[in-house]
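**Q** First the structure, which I've put down as structure tokens, then a few questions once you've had a look.
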Amino acid sequence: MTFHFTVRDDKQIRVIIDTDADCEADDPFAIAQALLTPKFMVKAICAEHFNEAGSMERSFRTASTVVQLLNSDVPVSKAPARRWRGCTSPLMRTSPPLRVRFSTKL
């Protein structure tokens, strides 16, 4: 069953998707769902790193493929490394993970 309806522009939610689309299968599905949801006005998709060298480029290609398959004109970009002085590769962990304990006492 397919429902056809429109959402007024002033009722739409503007969204920028920040994704590591090639890391796991859930991100391409989330991109597709957001692009197909009338309530969302997807303004851009930004590809990010995950824990491997070259991962941003792979995420960019995957996100671009999803956008192309859905015949969308939403721009896909890579993380803005130079402009915002970001890192061009994944950050390496140099210390053990932080352990946090929560108390249940009030």
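Chain labels run A, B, ... following the order of the structure tokens; each chain numbers its residues from 1, and ligands are numbered from 1 in the order shown.
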List the neighbours of Ala79 in chain A out to 7 Å using only C-alpha atoms; skip same-chain residues closer than 3 positions along the sequence, and give me the result as a list in words.

**A**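 So, after excluding close chain neighbours, the residues are Cys46, Ala47 and Glu48 of chain A.
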
**Q** Keeping only N, CA and C atoms, write the selected residues as a tab-separated table (two decimals), in the first residue's frame.

**A**
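Dumped everything to result_37.tsv:
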```
chain	number	residue	atom	x	y	z
A	46	CYS	N	27.30	14.61	4.20
A	46	CYS	CA	28.74	14.77	4.41
A	46	CYS	C	29.34	13.41	4.76
A	47	ALA	N	30.28	12.95	3.95
A	47	ALA	CA	30.94	11.67	4.18
A	47	ALA	C	32.06	11.83	5.21
A	48	GLU	N	32.14	10.91	6.14
A	48	GLU	CA	33.11	10.96	7.23
A	48	GLU	C	33.98	9.71	7.25
```

**Q** Would you list, as a ChimeraX atom specification, the residues of range 9-86 of chain A that end up in helix (DSSP H, G or I) under DSSP run on this structure's backbone?

**A** /A:9-11,26-36,55-69

**Q** So that I have them on file, write out the residues from the current selection with N, CA and C atoms, as a short mmCIF file (atom, residue, chain, number, x, y, z; two decimals), in the first residue's frame.

**A**
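again25.cif, written as the output of this step:
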```cif
data_model
loop_
_atom_site.label_atom_id
_atom_site.label_comp_id
_atom_site.auth_asym_id
_atom_site.auth_seq_id
_atom_site.Cartn_x
_atom_site.Cartn_y
_atom_site.Cartn_z
N ASP A 9 6.36 23.19 2.92
CA ASP A 9 7.77 23.55 3.16
C ASP A 9 8.02 24.02 4.59
N ASP A 10 7.09 24.77 5.15
CA ASP A 10 7.29 25.29 6.50
C ASP A 10 7.15 24.22 7.58
N LYS A 11 6.66 23.05 7.21
CA LYS A 11 6.52 21.93 8.15
C LYS A 11 7.61 20.88 7.99
N ASP A 26 23.78 -0.08 7.81
CA ASP A 26 22.65 0.74 8.25
C ASP A 26 22.68 2.16 7.68
N ASP A 27 23.85 2.72 7.42
CA ASP A 27 23.92 4.10 6.95
C ASP A 27 23.33 4.30 5.55
N PRO A 28 23.64 3.44 4.55
CA PRO A 28 22.99 3.62 3.25
C PRO A 28 21.46 3.50 3.35
N PHE A 29 20.97 2.61 4.20
CA PHE A 29 19.52 2.50 4.38
C PHE A 29 18.95 3.76 5.03
N ALA A 30 19.68 4.33 5.99
CA ALA A 30 19.22 5.56 6.64
C ALA A 30 19.22 6.73 5.66
N ILE A 31 20.21 6.80 4.78
CA ILE A 31 20.25 7.84 3.76
C ILE A 31 19.04 7.71 2.84
N ALA A 32 18.79 6.48 2.37
CA ALA A 32 17.65 6.24 1.48
C ALA A 32 16.34 6.60 2.17
N GLN A 33 16.18 6.20 3.43
CA GLN A 33 14.96 6.51 4.16
C GLN A 33 14.77 8.02 4.31
N ALA A 34 15.83 8.73 4.62
CA ALA A 34 15.73 10.18 4.78
C ALA A 34 15.37 10.86 3.46
N LEU A 35 15.96 10.38 2.36
CA LEU A 35 15.67 10.98 1.06
C LEU A 35 14.25 10.70 0.61
N LEU A 36 13.68 9.57 1.04
CA LEU A 36 12.33 9.20 0.63
C LEU A 36 11.24 9.68 1.58
N SER A 55 38.93 5.66 4.35
CA SER A 55 37.52 5.39 4.64
C SER A 55 36.60 6.54 4.23
N MET A 56 37.08 7.78 4.29
CA MET A 56 36.22 8.89 3.89
C MET A 56 35.89 8.81 2.41
N GLU A 57 36.85 8.47 1.59
CA GLU A 57 36.61 8.33 0.15
C GLU A 57 35.60 7.22 -0.12
N ARG A 58 35.72 6.10 0.59
CA ARG A 58 34.77 5.00 0.43
C ARG A 58 33.37 5.42 0.88
N SER A 59 33.27 6.14 1.98
CA SER A 59 31.96 6.63 2.45
C SER A 59 31.36 7.60 1.43
N PHE A 60 32.20 8.44 0.86
CA PHE A 60 31.75 9.38 -0.17
C PHE A 60 31.17 8.64 -1.37
N ARG A 61 31.88 7.62 -1.84
CA ARG A 61 31.40 6.85 -3.00
C ARG A 61 30.08 6.14 -2.69
N THR A 62 29.98 5.55 -1.50
CA THR A 62 28.75 4.84 -1.13
C THR A 62 27.57 5.79 -1.03
N ALA A 63 27.76 6.93 -0.35
CA ALA A 63 26.67 7.91 -0.23
C ALA A 63 26.28 8.45 -1.60
N SER A 64 27.26 8.71 -2.46
CA SER A 64 26.97 9.21 -3.80
C SER A 64 26.18 8.19 -4.62
N THR A 65 26.51 6.92 -4.45
CA THR A 65 25.80 5.87 -5.16
C THR A 65 24.33 5.81 -4.73
N VAL A 66 24.08 5.90 -3.43
CA VAL A 66 22.70 5.88 -2.93
C VAL A 66 21.92 7.07 -3.49
N VAL A 67 22.51 8.25 -3.45
CA VAL A 67 21.85 9.45 -3.97
C VAL A 67 21.56 9.30 -5.46
N GLN A 68 22.50 8.76 -6.21
CA GLN A 68 22.33 8.58 -7.65
C GLN A 68 21.23 7.56 -7.94
N LEU A 69 21.21 6.45 -7.20
CA LEU A 69 20.20 5.42 -7.42
C LEU A 69 18.78 5.92 -7.14
#
```

**Q** Can you list, as a PyMOL selection string, all residues belonging to range 13-63 of chain A that DSSP tags as strand (DSSP E or B)?

**A** chain A and resi 13-19+40-47

**Q** What is the CA of Thr19 in chain A-CA of His4 in chain A distance in Å, reported with one decimal?

**A**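 Distance between the two atoms: 28.4 Å.
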